[in-house]
Each structure stands twice: as C-alpha cells, then as structure tokens.
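Containing compact mmCIF, C-alpha atoms: structure33.txt.
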# COMPACT_ATOMS: atom_id res chain seq x y z
CA MET A 31 211.73 51.30 -127.77
CA HIS A 32 213.07 54.71 -128.70
CA VAL A 33 212.95 57.27 -125.89
CA ALA A 34 213.10 60.94 -126.84
CA PRO A 35 216.00 62.73 -125.19
CA LYS A 36 215.03 64.95 -122.31
CA LEU A 37 215.38 68.59 -123.17
CA THR A 38 217.36 70.60 -120.68
CA GLU A 39 216.65 74.21 -119.95
CA PRO A 40 219.42 76.52 -121.20
CA GLY A 41 221.36 78.84 -118.95
CA TYR A 42 224.52 79.04 -116.90
CA ARG A 43 224.58 77.44 -113.47
CA PRO A 44 226.82 77.99 -110.44
CA GLY A 45 230.07 76.14 -111.08
CA ASP A 46 230.11 76.89 -114.82
CA ARG A 47 233.11 78.91 -116.01
CA GLU A 48 230.88 81.36 -117.87
CA TYR A 49 228.67 81.77 -114.79
CA ARG A 50 231.72 82.86 -112.80
CA LYS A 51 232.76 85.32 -115.51
CA LEU A 52 229.22 86.67 -115.74
CA SER A 53 228.99 87.08 -111.96
CA ILE A 54 232.29 88.95 -111.73
CA ALA A 55 231.47 91.21 -114.68
CA LEU A 56 228.00 92.16 -113.46
CA PHE A 57 229.26 92.61 -109.90
CA ALA A 58 231.90 95.04 -111.27
CA ALA A 59 229.34 96.79 -113.46
CA GLY A 60 226.93 97.25 -110.56
CA LEU A 61 229.78 98.45 -108.35
CA ALA A 62 230.90 101.05 -110.91
CA THR A 63 227.40 102.31 -111.66
CA PHE A 64 226.41 102.90 -108.05
CA ALA A 65 229.82 104.16 -106.96
CA LEU A 66 229.61 106.83 -109.65
CA LEU A 67 225.90 107.54 -109.32
CA TYR A 68 226.03 108.46 -105.63
CA SER A 69 229.66 109.63 -105.50
CA THR A 70 228.69 113.23 -104.70
CA GLN A 71 226.44 112.30 -101.77
CA PRO A 72 229.16 112.44 -99.07
CA LEU A 73 230.47 115.64 -100.68
CA LEU A 74 227.26 117.64 -100.29
CA PRO A 75 228.48 119.85 -97.40
CA GLU A 76 231.77 120.41 -99.30
CA LEU A 77 229.87 121.42 -102.45
CA VAL A 78 227.78 123.88 -100.40
CA ASP A 79 230.99 125.67 -99.40
CA ALA A 80 232.84 125.31 -102.72
CA PHE A 81 230.04 126.69 -104.90
CA HIS A 82 228.13 128.78 -102.33
CA VAL A 83 224.85 126.92 -102.81
CA SER A 84 222.18 125.74 -100.37
CA PRO A 85 221.85 122.16 -99.04
CA SER A 86 218.84 121.64 -101.31
CA GLN A 87 220.82 122.84 -104.33
CA SER A 88 223.81 120.65 -103.51
CA ALA A 89 221.50 117.61 -103.55
CA PHE A 90 220.86 118.36 -107.26
CA THR A 91 224.20 116.65 -108.02
CA VAL A 92 222.56 113.41 -106.92
CA SER A 93 219.02 114.12 -108.13
CA LEU A 94 219.98 115.19 -111.66
CA ALA A 95 222.07 112.08 -112.16
CA THR A 96 219.25 109.82 -111.01
CA LEU A 97 216.71 111.79 -113.05
CA GLY A 98 218.82 111.54 -116.23
CA LEU A 99 219.21 107.83 -115.58
CA GLY A 100 215.49 107.33 -115.05
CA ILE A 101 214.49 109.12 -118.25
CA ALA A 102 217.12 107.34 -120.36
CA LEU A 103 215.92 103.97 -119.07
CA LEU A 104 212.72 104.39 -121.08
CA ILE A 105 214.85 104.38 -124.23
CA ALA A 106 217.58 101.96 -123.20
CA GLY A 107 215.25 99.07 -122.44
CA PRO A 108 213.53 98.97 -125.86
CA ALA A 109 216.88 99.73 -127.56
CA SER A 110 218.39 96.61 -126.02
CA GLU A 111 215.80 94.50 -127.83
CA VAL A 112 217.43 95.65 -131.07
CA VAL A 113 221.15 96.16 -130.42
CA GLY A 114 221.62 93.43 -127.82
CA ARG A 115 222.15 93.30 -124.08
CA THR A 116 225.93 92.92 -123.85
CA THR A 117 226.74 95.67 -126.36
CA LEU A 118 224.59 98.16 -124.50
CA MET A 119 225.96 97.24 -121.07
CA ARG A 120 229.60 97.44 -122.14
CA TRP A 121 229.27 100.85 -123.75
CA SER A 122 227.17 102.14 -120.87
CA VAL A 123 229.83 101.44 -118.24
CA ALA A 124 232.57 102.87 -120.47
CA ALA A 125 230.70 106.12 -121.21
CA THR A 126 229.73 106.56 -117.56
CA SER A 127 233.38 106.36 -116.55
CA GLY A 128 234.31 108.90 -119.23
CA PHE A 129 231.83 111.44 -117.90
CA ALA A 130 233.16 110.82 -114.39
CA VAL A 131 236.61 111.94 -115.53
CA LEU A 132 235.15 115.14 -116.99
CA THR A 133 233.15 115.80 -113.82
CA ALA A 134 236.36 116.00 -111.79
CA VAL A 135 237.50 119.03 -113.80
CA ALA A 136 234.13 120.81 -114.14
CA PRO A 137 234.90 124.58 -113.99
CA THR A 138 231.51 125.86 -112.80
CA TRP A 139 228.49 124.75 -110.79
CA HIS A 140 226.21 124.57 -113.82
CA THR A 141 228.81 122.61 -115.79
CA LEU A 142 229.03 120.15 -112.92
CA LEU A 143 225.24 119.74 -112.88
CA ALA A 144 225.12 119.25 -116.66
CA LEU A 145 227.84 116.60 -116.57
CA ARG A 146 226.10 114.78 -113.73
CA GLY A 147 222.87 114.74 -115.75
CA LEU A 148 224.70 113.36 -118.81
CA GLN A 149 226.44 110.81 -116.65
CA GLY A 150 223.07 109.60 -115.44
CA VAL A 151 221.89 109.22 -119.05
CA ALA A 152 225.01 107.19 -119.91
CA MET A 153 224.44 104.87 -116.96
CA ALA A 154 221.05 103.72 -118.20
CA GLY A 155 222.35 100.95 -120.46
CA LEU A 156 223.41 98.76 -117.57
CA PRO A 157 220.49 98.72 -115.11
CA ALA A 158 217.96 98.81 -117.94
CA VAL A 159 218.89 95.34 -119.15
CA ALA A 160 220.95 93.63 -116.44
CA MET A 161 217.98 91.73 -115.00
CA ALA A 162 216.69 90.78 -118.46
CA TYR A 163 220.18 89.57 -119.39
CA LEU A 164 220.32 87.43 -116.25
CA ARG A 165 216.91 85.93 -116.94
CA GLU A 166 218.02 84.95 -120.46
CA GLU A 167 221.51 83.67 -119.67
CA VAL A 168 221.19 82.10 -116.20
CA HIS A 169 219.30 78.88 -115.50
CA SER A 170 215.95 79.55 -113.83
CA SER A 171 216.91 77.60 -110.72
CA SER A 172 219.69 80.11 -110.03
CA HIS A 173 218.03 83.30 -111.26
CA ALA A 174 217.21 84.80 -107.86
CA ARG A 175 220.71 83.97 -106.63
CA ALA A 176 222.38 85.62 -109.64
CA SER A 177 220.12 88.67 -109.32
CA GLY A 178 221.04 88.91 -105.66
CA LEU A 179 224.75 88.90 -106.54
CA TYR A 180 224.27 91.70 -109.06
CA ILE A 181 222.36 93.80 -106.54
CA ALA A 182 225.09 92.97 -104.02
CA GLY A 183 227.53 94.60 -106.42
CA THR A 184 225.40 97.73 -106.47
CA ALA A 185 225.41 97.75 -102.67
CA VAL A 186 229.21 97.44 -102.52
CA GLY A 187 229.42 100.15 -105.18
CA GLY A 188 227.29 102.50 -103.16
CA MET A 189 229.50 101.91 -100.14
CA THR A 190 232.80 102.10 -102.05
CA GLY A 191 231.89 105.31 -103.84
CA ARG A 192 230.92 107.06 -100.63
CA LEU A 193 233.92 105.77 -98.66
CA ILE A 194 236.48 106.72 -101.30
CA ALA A 195 234.85 110.08 -101.98
CA GLY A 196 234.66 110.96 -98.30
CA GLY A 197 238.25 109.93 -97.61
CA LEU A 198 239.74 111.67 -100.65
CA ASP A 199 237.70 114.78 -99.92
CA ASP A 200 239.47 115.10 -96.57
CA LEU A 201 242.82 114.72 -98.32
CA GLY A 202 242.42 116.96 -101.34
CA GLY A 203 238.88 118.31 -101.77
CA TRP A 204 235.95 117.33 -103.91
CA ARG A 205 237.86 117.30 -107.21
CA VAL A 206 240.38 114.75 -105.95
CA ALA A 207 237.51 112.72 -104.54
CA THR A 208 235.65 112.72 -107.84
CA ALA A 209 238.79 111.79 -109.78
CA GLY A 210 239.37 108.83 -107.46
CA ILE A 211 235.88 107.51 -108.08
CA ALA A 212 236.37 107.98 -111.83
CA LEU A 213 239.43 105.70 -111.67
CA VAL A 214 237.34 103.00 -109.97
CA GLY A 215 234.82 103.31 -112.81
CA VAL A 216 237.49 102.95 -115.49
CA LEU A 217 238.90 99.79 -113.88
CA CYS A 218 235.43 98.24 -113.56
CA ALA A 219 234.62 99.11 -117.16
CA ALA A 220 237.73 97.21 -118.27
CA LEU A 221 236.56 94.13 -116.33
CA VAL A 222 233.12 94.29 -117.95
CA TRP A 223 234.60 94.47 -121.46
CA LEU A 224 236.95 91.56 -120.76
CA LEU A 225 234.69 89.17 -118.84
CA LEU A 226 231.00 89.72 -119.66
CA PRO A 227 229.89 86.74 -121.80
CA SER A 228 228.12 87.55 -125.03
CA SER A 229 224.42 86.71 -125.07
CA GLN A 230 223.62 83.11 -126.02
CA ASN A 231 219.85 83.10 -125.55
CA PHE A 232 218.99 86.61 -126.74
CA HIS A 233 217.34 86.98 -130.12
CA PRO A 234 217.21 90.48 -131.62
CA SER A 235 213.64 91.58 -132.13
CA PRO A 236 213.45 94.86 -134.02
CA ALA A 237 209.99 96.01 -133.08
CA SER A 238 207.76 98.47 -134.79
CA PRO A 239 206.42 101.40 -132.75
CA ARG A 240 203.09 99.60 -132.67
CA GLN A 241 204.64 96.44 -131.24
CA LEU A 242 206.56 98.42 -128.65
CA LEU A 243 203.37 100.18 -127.60
CA GLN A 244 201.56 96.85 -127.30
CA GLN A 245 204.32 95.36 -125.16
CA THR A 246 204.50 98.49 -123.03
CA GLY A 247 200.73 98.46 -122.60
CA ARG A 248 200.90 94.85 -121.44
CA VAL A 249 203.44 95.59 -118.71
CA LEU A 250 201.46 98.66 -117.63
CA ARG A 251 198.23 96.71 -117.19
CA ASP A 252 199.60 93.98 -114.96
CA PRO A 253 198.62 94.87 -111.36
CA ALA A 254 201.59 92.95 -109.93
CA LEU A 255 204.05 94.89 -112.09
CA LEU A 256 202.36 98.18 -111.17
CA ALA A 257 202.75 97.34 -107.49
CA LEU A 258 206.42 96.51 -108.04
CA TYR A 259 206.97 99.83 -109.80
CA GLY A 260 205.41 101.58 -106.80
CA ILE A 261 207.62 99.66 -104.38
CA ALA A 262 210.68 100.69 -106.38
CA ALA A 263 209.81 104.41 -106.29
CA THR A 264 208.87 104.63 -102.63
CA ALA A 265 211.55 102.35 -101.18
CA VAL A 266 214.49 103.94 -102.95
CA GLY A 267 213.09 107.44 -102.39
CA ALA A 268 213.06 106.79 -98.66
CA PHE A 269 216.50 105.19 -98.77
CA VAL A 270 218.18 108.08 -100.59
CA ALA A 271 216.37 110.64 -98.44
CA VAL A 272 217.78 109.05 -95.29
CA TYR A 273 221.36 109.08 -96.57
CA ASN A 274 221.11 112.61 -97.99
CA GLY A 275 219.85 113.83 -94.62
CA ALA A 276 222.39 111.75 -92.68
CA VAL A 277 225.31 113.51 -94.41
CA PHE A 278 224.16 116.88 -93.05
CA ARG A 279 223.14 115.48 -89.65
CA LEU A 280 226.54 113.92 -89.00
CA SER A 281 228.46 117.02 -90.15
CA GLU A 282 226.72 119.24 -87.57
CA ALA A 283 226.76 119.37 -83.77
CA PRO A 284 226.97 117.29 -81.68
CA TYR A 285 228.71 114.89 -84.11
CA LEU A 286 230.83 117.28 -86.25
CA LEU A 287 232.19 114.46 -88.42
CA SER A 288 234.45 115.25 -91.39
CA SER A 289 233.59 113.92 -94.86
CA GLY A 290 235.97 111.02 -94.39
CA ALA A 291 234.69 110.12 -90.93
CA ALA A 292 231.06 110.42 -92.04
CA GLY A 293 231.91 108.30 -95.07
CA LEU A 294 232.84 105.43 -92.76
CA VAL A 295 229.17 105.21 -91.85
CA PHE A 296 228.57 103.89 -95.35
CA CYS A 297 230.39 100.68 -94.37
CA VAL A 298 226.91 99.52 -93.39
CA TYR A 299 226.37 99.03 -97.14
CA LEU A 300 228.11 95.69 -96.65
CA LEU A 301 224.96 94.59 -94.87
CA GLY A 302 223.04 95.66 -97.95
CA SER A 303 225.16 93.29 -100.01
CA VAL A 304 224.54 90.47 -97.54
CA GLY A 305 220.85 91.33 -97.33
CA SER A 306 220.38 91.22 -101.09
CA ALA A 307 222.19 87.92 -101.59
CA THR A 308 220.45 86.33 -98.59
CA ALA A 309 217.03 87.57 -99.68
CA GLY A 310 217.58 86.06 -103.13
CA SER A 311 218.25 82.65 -101.62
CA LEU A 312 215.28 82.97 -99.25
CA ALA A 313 213.03 83.98 -102.16
CA ASP A 314 214.02 80.80 -104.03
CA ARG A 315 213.06 78.82 -100.93
CA TYR A 316 210.04 80.60 -99.43
CA GLY A 317 208.77 82.79 -102.25
CA ARG A 318 209.05 86.42 -103.24
CA ARG A 319 205.64 87.23 -101.78
CA VAL A 320 206.96 86.41 -98.32
CA VAL A 321 210.39 88.02 -98.51
CA VAL A 322 209.42 91.48 -99.84
CA PRO A 323 206.98 92.43 -97.02
CA VAL A 324 209.47 91.24 -94.40
CA GLY A 325 212.14 93.43 -96.01
CA CYS A 326 209.80 96.44 -95.83
CA LEU A 327 209.21 95.84 -92.12
CA ILE A 328 212.96 95.74 -91.53
CA THR A 329 213.42 99.11 -93.27
CA LEU A 330 210.77 100.70 -91.05
CA ALA A 331 212.49 99.36 -87.94
CA GLY A 332 215.76 100.84 -89.14
CA VAL A 333 214.30 104.32 -89.65
CA ALA A 334 212.75 104.22 -86.18
CA ILE A 335 216.13 103.39 -84.61
CA THR A 336 217.79 106.40 -86.29
CA LEU A 337 215.56 108.74 -84.27
CA ALA A 338 217.78 108.04 -81.26
CA ALA A 339 220.55 110.58 -80.58
CA PRO A 340 223.60 108.38 -79.75
CA LEU A 341 225.84 107.88 -82.79
CA PRO A 342 226.07 104.06 -82.38
CA LEU A 343 222.28 103.79 -82.51
CA ILE A 344 222.14 106.00 -85.60
CA ILE A 345 224.63 103.71 -87.32
CA LEU A 346 222.68 100.64 -86.19
CA GLY A 347 219.48 102.13 -87.62
CA LEU A 348 221.18 102.87 -90.94
CA ALA A 349 222.55 99.32 -91.03
CA VAL A 350 219.14 97.74 -90.40
CA MET A 351 217.43 99.99 -92.95
CA THR A 352 220.12 99.27 -95.56
CA ALA A 353 219.85 95.50 -95.16
CA GLY A 354 216.07 95.68 -95.47
CA PHE A 355 216.13 97.98 -98.48
CA PHE A 356 218.51 95.85 -100.52
CA ALA A 357 216.52 92.75 -99.63
CA VAL A 358 213.40 94.42 -101.04
CA HIS A 359 215.10 95.80 -104.13
CA GLY A 360 217.08 92.65 -104.91
CA VAL A 361 213.99 90.45 -104.88
CA ALA A 362 211.56 92.94 -106.46
CA GLY A 363 213.95 93.78 -109.31
CA GLY A 364 214.35 90.14 -110.30
CA TRP A 365 210.62 89.53 -109.87
CA VAL A 366 209.79 92.12 -112.54
CA ALA A 367 211.72 90.32 -115.28
CA VAL A 368 210.25 86.93 -114.37
CA ARG A 369 206.67 88.26 -114.15
CA ALA A 370 206.90 90.13 -117.48
CA HIS A 371 208.31 87.08 -119.28
CA ALA A 372 205.57 84.84 -117.90
CA GLY A 373 202.98 87.38 -119.02
CA GLY A 374 203.96 87.16 -122.68
CA GLY A 375 207.06 89.30 -123.17
CA GLY A 376 208.11 92.89 -122.84
CA THR A 377 210.85 91.99 -120.36
CA GLY A 378 213.03 94.91 -121.42
CA GLN A 379 210.17 97.38 -121.14
CA ALA A 380 209.12 96.05 -117.74
CA ALA A 381 212.68 96.27 -116.42
CA SER A 382 212.98 99.81 -117.80
CA LEU A 383 209.70 100.90 -116.20
CA TYR A 384 210.70 99.39 -112.87
CA LEU A 385 213.99 101.24 -112.91
CA PHE A 386 212.41 104.42 -114.26
CA SER A 387 210.17 104.34 -111.19
CA PHE A 388 213.20 103.52 -109.05
CA TYR A 389 215.29 106.48 -110.18
CA LEU A 390 212.36 108.86 -110.44
CA GLY A 391 211.62 108.08 -106.80
CA SER A 392 215.28 108.55 -105.93
CA SER A 393 215.37 111.92 -107.69
CA VAL A 394 212.09 113.33 -106.38
CA PHE A 395 211.92 111.94 -102.85
CA GLY A 396 215.67 112.00 -102.32
CA GLY A 397 215.75 115.64 -103.37
CA LEU A 398 212.97 116.46 -100.92
CA ALA A 399 215.24 115.36 -98.08
CA GLY A 400 217.08 118.68 -98.30
CA THR A 401 213.83 120.56 -97.77
CA ALA A 402 212.78 118.19 -94.96
CA TRP A 403 216.13 118.70 -93.25
CA SER A 404 216.02 122.48 -93.58
CA SER A 405 212.47 122.70 -92.23
CA ALA A 406 212.33 120.03 -89.50
CA GLY A 407 215.77 118.51 -89.04
CA TRP A 408 216.20 114.77 -88.72
CA SER A 409 212.64 114.20 -87.54
CA GLY A 410 211.40 115.62 -90.84
CA VAL A 411 213.69 113.32 -92.86
CA ALA A 412 212.67 110.30 -90.78
CA LEU A 413 208.98 111.14 -91.20
CA GLU A 414 209.35 111.36 -94.97
CA ALA A 415 211.26 108.07 -95.14
CA GLY A 416 208.92 106.25 -92.78
CA ALA A 417 205.85 107.28 -94.76
CA LEU A 418 207.43 106.09 -98.02
CA PHE A 419 208.52 102.74 -96.59
CA LEU A 420 205.01 102.28 -95.19
CA VAL A 421 203.55 102.74 -98.68
CA ALA A 422 206.01 100.14 -99.99
CA LEU A 423 204.84 97.75 -97.26
CA VAL A 424 201.19 98.24 -98.20
CA LEU A 425 201.98 97.57 -101.87
CA SER A 426 203.91 94.42 -100.97
CA ILE A 427 200.86 93.18 -99.05
CA VAL A 428 198.66 93.97 -102.06
CA LEU A 429 201.01 91.82 -104.17
CA LYS A 430 200.16 88.78 -102.02
CA GLY A 431 196.60 88.95 -103.32
CA VAL A 432 197.48 89.23 -107.02
CA PRO A 433 197.16 85.91 -108.92
CA SER A 434 200.59 84.43 -109.67
CA LYS A 435 201.75 83.55 -113.19
CA VAL A 436 204.92 81.83 -112.00
CA PRO A 437 206.07 80.05 -108.83
CA ASN A 438 206.77 82.42 -105.90
Before we go any further, please render this structure as structure tokens.
Amino acid sequence: MHVAPKLTEPGYRPGDREYRKLSIALFAAGLATFALLYSTQPLLPELVDAFHVSPSQSAFTVSLATLGLGIALLIAGPASEVVGRTTLMRWSVAATSGFAVLTAVAPTWHTLLALRGLQGVAMAGLPAVAMAYLREEVHSSSHARASGLYIAGTAVGGMTGRLIAGGLDDLGGWRVATAGIALVGVLCAALVWLLLPSSQNFHPSPASPRQLLQQTGRVLRDPALLALYGIAATAVGAFVAVYNGAVFRLSEAPYLLSSGAAGLVFCVYLLGSVGSATAGSLADRYGRRVVVPVGCLITLAGVAITLAAPLPLIILGLAVMTAGFFAVHGVAGGWVAVRAHAGGGGTGQAASLYLFSFYLGSSVFGGLAGTAWSSAGWSGVALEAGALFLVALVLSIVLKGVPSKVPN
C-alpha cells in the first residue's frame, strides 16, 4: 500500500546553520538599531549645556528619532511586501549607520534634530519586518524563542548605546560619544549584510491600494491586535519616560553622577535581554495570554521601587521594570505577527501598526517625561509611568477574553 509522504513544515530550527546565521544577524541588527535610536538619552544633560536648551527640548533628540521611525513604519511594512524583507532590512541598518556618522558632526541644534529625525526614518526598515521575517523563515515551534532572541538584541543595544555614549561623553564630549556609537552601527551593519539569510518562504505580493486598504482594515478590526497596539504604546511610553527622567535625577543632588557613571545604570538592560528570551520560552510553554499580564505586573513593581531614595533601590527598581518591559514587548511583538497571519494575512501591516504605536508612544509619552520632571520631579515621572503600565495591564487582561485564532 502506498503511503503519502508526510509534509514537514518549512522553517529553520535551532541547530541549523542558517538558524545560527539568522540569529546572529538579527541580534546585531537589533543591537545597532536600539543603540543608535536611544544613543542621545544619556547625553541629555550634556546637550542642555552644549546647545543652551531646556531639559524638555533636549529630549527632542530622542522623541524626533522615535517619531520619524514610527511614521516611516507605516510605509516600510507594506513596502516589504513588494521589495522583500531581507533587502529592506539590510539597507535600513546601513542607512541608519550613515546618518549616525553625520550626526556626530552636526554644526547646529536644528541640524542635529533634523538628522535625528532622518535617522529614525531610516531605521524603520528593520523593526517593520523583523517579526514577519521570523514568522516566515523560522519553524513555528521555535518562533517565540527566535523572537525573544531578536528582542534580546534590542535590549543589549539599548544598554550598549547608553553605556558607550555615557563613557565617551566623559572622555571627549557628546560628539565623541555619538561617533563611537556610529562605529558600533557600522560594524553591526556589516554583520547583517554578511550573515542575514535571504528569504526562502517570502513571496512578493505587489498589492494594489485597494488590497492594501483591505488588509489594513482587517488588522485594524481585530480586537486582539488593537489591544496589542495599545500595550505597545503605553508600555514603551512608560519605559522611555522612566529612563529619560532617570538621567536628570541621577545627575542632580544627592547623586551627582557623571554621564559615564549614570550610564552604568543601563547595565540593567542585561536583565531586559534575559527577560525577553525567558518570556519567549515561557510563552511557548504556558501561553502568551499568561505571560503578558505577569510582565505588566512586574513593570509596576519596578516603578514603585524607584520611588525610594537610596541609589541601590533605584537601580533595583529600574532592573525589575526593565525585565518586565522586555518580557511584555518580546511576547506581544511576536504575537502580533502570528495573530495577523492566522486572521488571513496583512502580517506586514500588523507589524507596522504595532511598531507605529510603539514608537508613537515612545515619542509622545517619553517626551512628556521632561515636563513631568520639571513640574513634579521624580514623583511626577513615576506617576506618569505607573499610570501607563496600569493601562497596559488592563489591556492584557482584556486580551484573555478575546477568542483565540491560534494556540496561546
């Protein structure tokens, strides 16, 4: 009797040579993107003095980059359905590094802001499609794990960028610091070009404006996706607000930390990397609907701890909040691609909308941290962050009641 061969699901698995190359390339890409995106955050007090601007104005160097990134994501996602995932990601990392080099020699404040905005636009090609690329190229049994590793790279990038920038700022000022981060970006871009495997399971789908609108409408009507977009905006807004405010808090009495010393606080980003990777594994085992609310509760606990005055407790609170945030983001980001695919397509659009919400929240709520700090000090920043994390928690609980289209 003839038995039909069993069809195997395509996709790289841990242990495959291409899976290792993919993991290294996306880890490097995430590292470069987030190192460059938030590279000016530890330099905010330095920029206040160098350009004679207010704390709120100095935060524009972060907010404009995240805003440019968020807006460009709306274009990058649909564009990837036509030009391909790998092409867009490779050029994105390369262009981002090029703008970083120019930023280091910006002659005026407004030139610096313009370059940061353009840099944010250039970054969009990577985060817009990274999760969709992983869903297409990695076997479904390892998707959450691979997504966690990519998000871990973004966590290490956020830490590396802040550490290097803070240390180099002490040695030679903000221009030397920015140039050092640009070099990191160039090296990571080279790794991405050399190692990132070309797409094997992506099929170009040039879509008419009508088709794009239909797909976008589909991912805007799904209540689960809407809740995930809301979680993205509120969670990252709170996260960036805390770190923007922490830079000013630690530079003033009674702490009086230099940029380099304050930058060491960002070593807690390592816990973000661990939190993301661990949450991915736990989501494969227990389900995304369980892991995301728990992550939100951890972030709230972290913010509460930062209200204490002793420096060790502040650092502990930042560490707890960081681990919780990356657990939430790592799982929620991968969930979007899986949910959209199960709903009938529009994966690129869903990923773009998730990240548009993510960076819009970072820009708006992160920028408000300067105002909160100026008006009410750390208690004002903590109140803003706590309220936003609480909204994310409520949305994650709402998600538990939305009918599932896929396991978890």
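Near A:Leu413, within 9 Å and counting all atoms listed in the file, sit A:Val333, A:Ala402, A:Trp408, A:Ser409, A:Ala417, A:Leu418, not including residues fewer than 4 positions from it in the same chain.
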Report the distance between atom CA of A:Val421 and atom CA of A:Met351 in Å, rounded to one decimal place. 15.3 Å
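Restricting the calculation to all atoms listed in the file, the smallest distance between A:Trp365 and any of A:Tyr273, A:Tyr299, A:Tyr259, A:Phe388 is found for A:Tyr259.
Between A:Ala162 and the residues A:Tyr384, A:Trp121, A:Phe355, A:Phe269, the shortest atom-to-atom distance, using only C-alpha atoms, involves A:Tyr384.
The neighbours of stretch 154-161 of chain A here are the residues that come within 6 Å of it, using all atoms listed in the file and leaving out any residue fewer than 2 positions away in the same chain; they are Leu99, Ala102, Leu103, Ala106, Gly107, Leu118, Met119, Ser122, Val151, Ala152, Tyr163, Leu164 and Ser382 of chain A.
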Test item: axis-aligned box, all listed atoms of stretch 70-73 of chain A, 3 Å on each side, centre and edges in Å rounded to one decimal, as lines of an AutoDock Vina configuration file:
center_x = 228.5
center_y = 114.0
center_z = -101.9
size_x = 10.0
size_y = 9.3
size_z = 11.6
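Of the residues listed (A:Ala182, A:Ala257, A:Val411, A:Leu217), A:Val411 shows the shortest atom-to-atom separation from A:Ala276; distances use only C-alpha atoms.
You can rank A:Leu327, A:Ala309, A:Ala380, A:Ala292 by their closest distance to A:Gly275 using only C-alpha atoms, and at the top of that list sits A:Ala292.
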Excluding same-chain residues fewer than 2 positions from stretch 224-232 of chain A, what lies within 6 Å of it counting all atoms listed in the file, as a ChimeraX atom specification? /A:51-52,55,116,166,221-222
Closest of A:Thr246, A:Arg192, A:Leu312, A:Met153 to A:Ala124, counting all atoms listed in the file, is A:Met153
Determine, counting all atoms listed in the file, which protein, DNA and RNA residues have an atom within 12 Å of an atom of A:Gly360; residues of the same chain fewer than 6 positions away are not included. Present the result as a PDB file with C-alpha atoms, in the frame of the given file.
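Result written to selection_33.pdb:
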ATOM      1  CA  MET A 161     217.980  91.730-115.000  1.00  0.00           C
ATOM      2  CA  HIS A 173     218.030  83.300-111.260  1.00  0.00           C
ATOM      3  CA  ALA A 174     217.210  84.800-107.860  1.00  0.00           C
ATOM      4  CA  ARG A 175     220.710  83.970-106.630  1.00  0.00           C
ATOM      5  CA  ALA A 176     222.380  85.620-109.640  1.00  0.00           C
ATOM      6  CA  SER A 177     220.120  88.670-109.320  1.00  0.00           C
ATOM      7  CA  GLY A 178     221.040  88.910-105.660  1.00  0.00           C
ATOM      8  CA  LEU A 179     224.750  88.900-106.540  1.00  0.00           C
ATOM      9  CA  TYR A 180     224.270  91.700-109.060  1.00  0.00           C
ATOM     10  CA  ILE A 181     222.360  93.800-106.540  1.00  0.00           C
ATOM     11  CA  ALA A 182     225.090  92.970-104.020  1.00  0.00           C
ATOM     12  CA  GLY A 183     227.530  94.600-106.420  1.00  0.00           C
ATOM     13  CA  THR A 184     225.400  97.730-106.470  1.00  0.00           C
ATOM     14  CA  ALA A 185     225.410  97.750-102.670  1.00  0.00           C
ATOM     15  CA  LEU A 258     206.420  96.510-108.040  1.00  0.00           C
ATOM     16  CA  ILE A 261     207.620  99.660-104.380  1.00  0.00           C
ATOM     17  CA  ALA A 262     210.680 100.690-106.380  1.00  0.00           C
ATOM     18  CA  ALA A 265     211.550 102.350-101.180  1.00  0.00           C
ATOM     19  CA  VAL A 266     214.490 103.940-102.950  1.00  0.00           C
ATOM     20  CA  GLY A 302     223.040  95.660 -97.950  1.00  0.00           C
ATOM     21  CA  SER A 303     225.160  93.290-100.010  1.00  0.00           C
ATOM     22  CA  VAL A 304     224.540  90.470 -97.540  1.00  0.00           C
ATOM     23  CA  GLY A 305     220.850  91.330 -97.330  1.00  0.00           C
ATOM     24  CA  SER A 306     220.380  91.220-101.090  1.00  0.00           C
ATOM     25  CA  ALA A 307     222.190  87.920-101.590  1.00  0.00           C
ATOM     26  CA  THR A 308     220.450  86.330 -98.590  1.00  0.00           C
ATOM     27  CA  ALA A 309     217.030  87.570 -99.680  1.00  0.00           C
ATOM     28  CA  GLY A 310     217.580  86.060-103.130  1.00  0.00           C
ATOM     29  CA  SER A 311     218.250  82.650-101.620  1.00  0.00           C
ATOM     30  CA  LEU A 312     215.280  82.970 -99.250  1.00  0.00           C
ATOM     31  CA  ALA A 313     213.030  83.980-102.160  1.00  0.00           C
ATOM     32  CA  ARG A 318     209.050  86.420-103.240  1.00  0.00           C
ATOM     33  CA  VAL A 321     210.390  88.020 -98.510  1.00  0.00           C
ATOM     34  CA  VAL A 322     209.420  91.480 -99.840  1.00  0.00           C
ATOM     35  CA  GLY A 325     212.140  93.430 -96.010  1.00  0.00           C
ATOM     36  CA  THR A 352     220.120  99.270 -95.560  1.00  0.00           C
ATOM     37  CA  ALA A 353     219.850  95.500 -95.160  1.00  0.00           C
ATOM     38  CA  GLY A 354     216.070  95.680 -95.470  1.00  0.00           C
ATOM     39  CA  VAL A 366     209.790  92.120-112.540  1.00  0.00           C
ATOM     40  CA  ALA A 367     211.720  90.320-115.280  1.00  0.00           C
TER      41      ALA A 367
END
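Distance annotation: of A:Val428, A:Ala254, A:Ser88, A:Thr70, the residue with the minimal separation from A:Ala207 is A:Thr70; atom set is only C-alpha atoms.
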Test item: residues at most 10 Å from A:Ala209, only C-alpha atoms, excluding those fewer than 2 positions along its chain, as number ranges by chain: A: 130-135, 195, 198, 204-207, 211-215
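Reported to one decimal place, the separation of atom CA of A:Val394 from atom CA of A:Leu97 is 8.3 Å.
One distance worth recording is that between atom CA of A:Ala372 and atom CA of A:Val358, which is 20.9 Å.
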Residues within 8 Å of (215.1, 113.2, -101.4), counting only C-alpha atoms, listed as JSON, numbers by chain: {"A": [93, 267, 268, 270, 271, 272, 274, 392, 393, 394, 395, 396, 397, 398, 399, 400]}
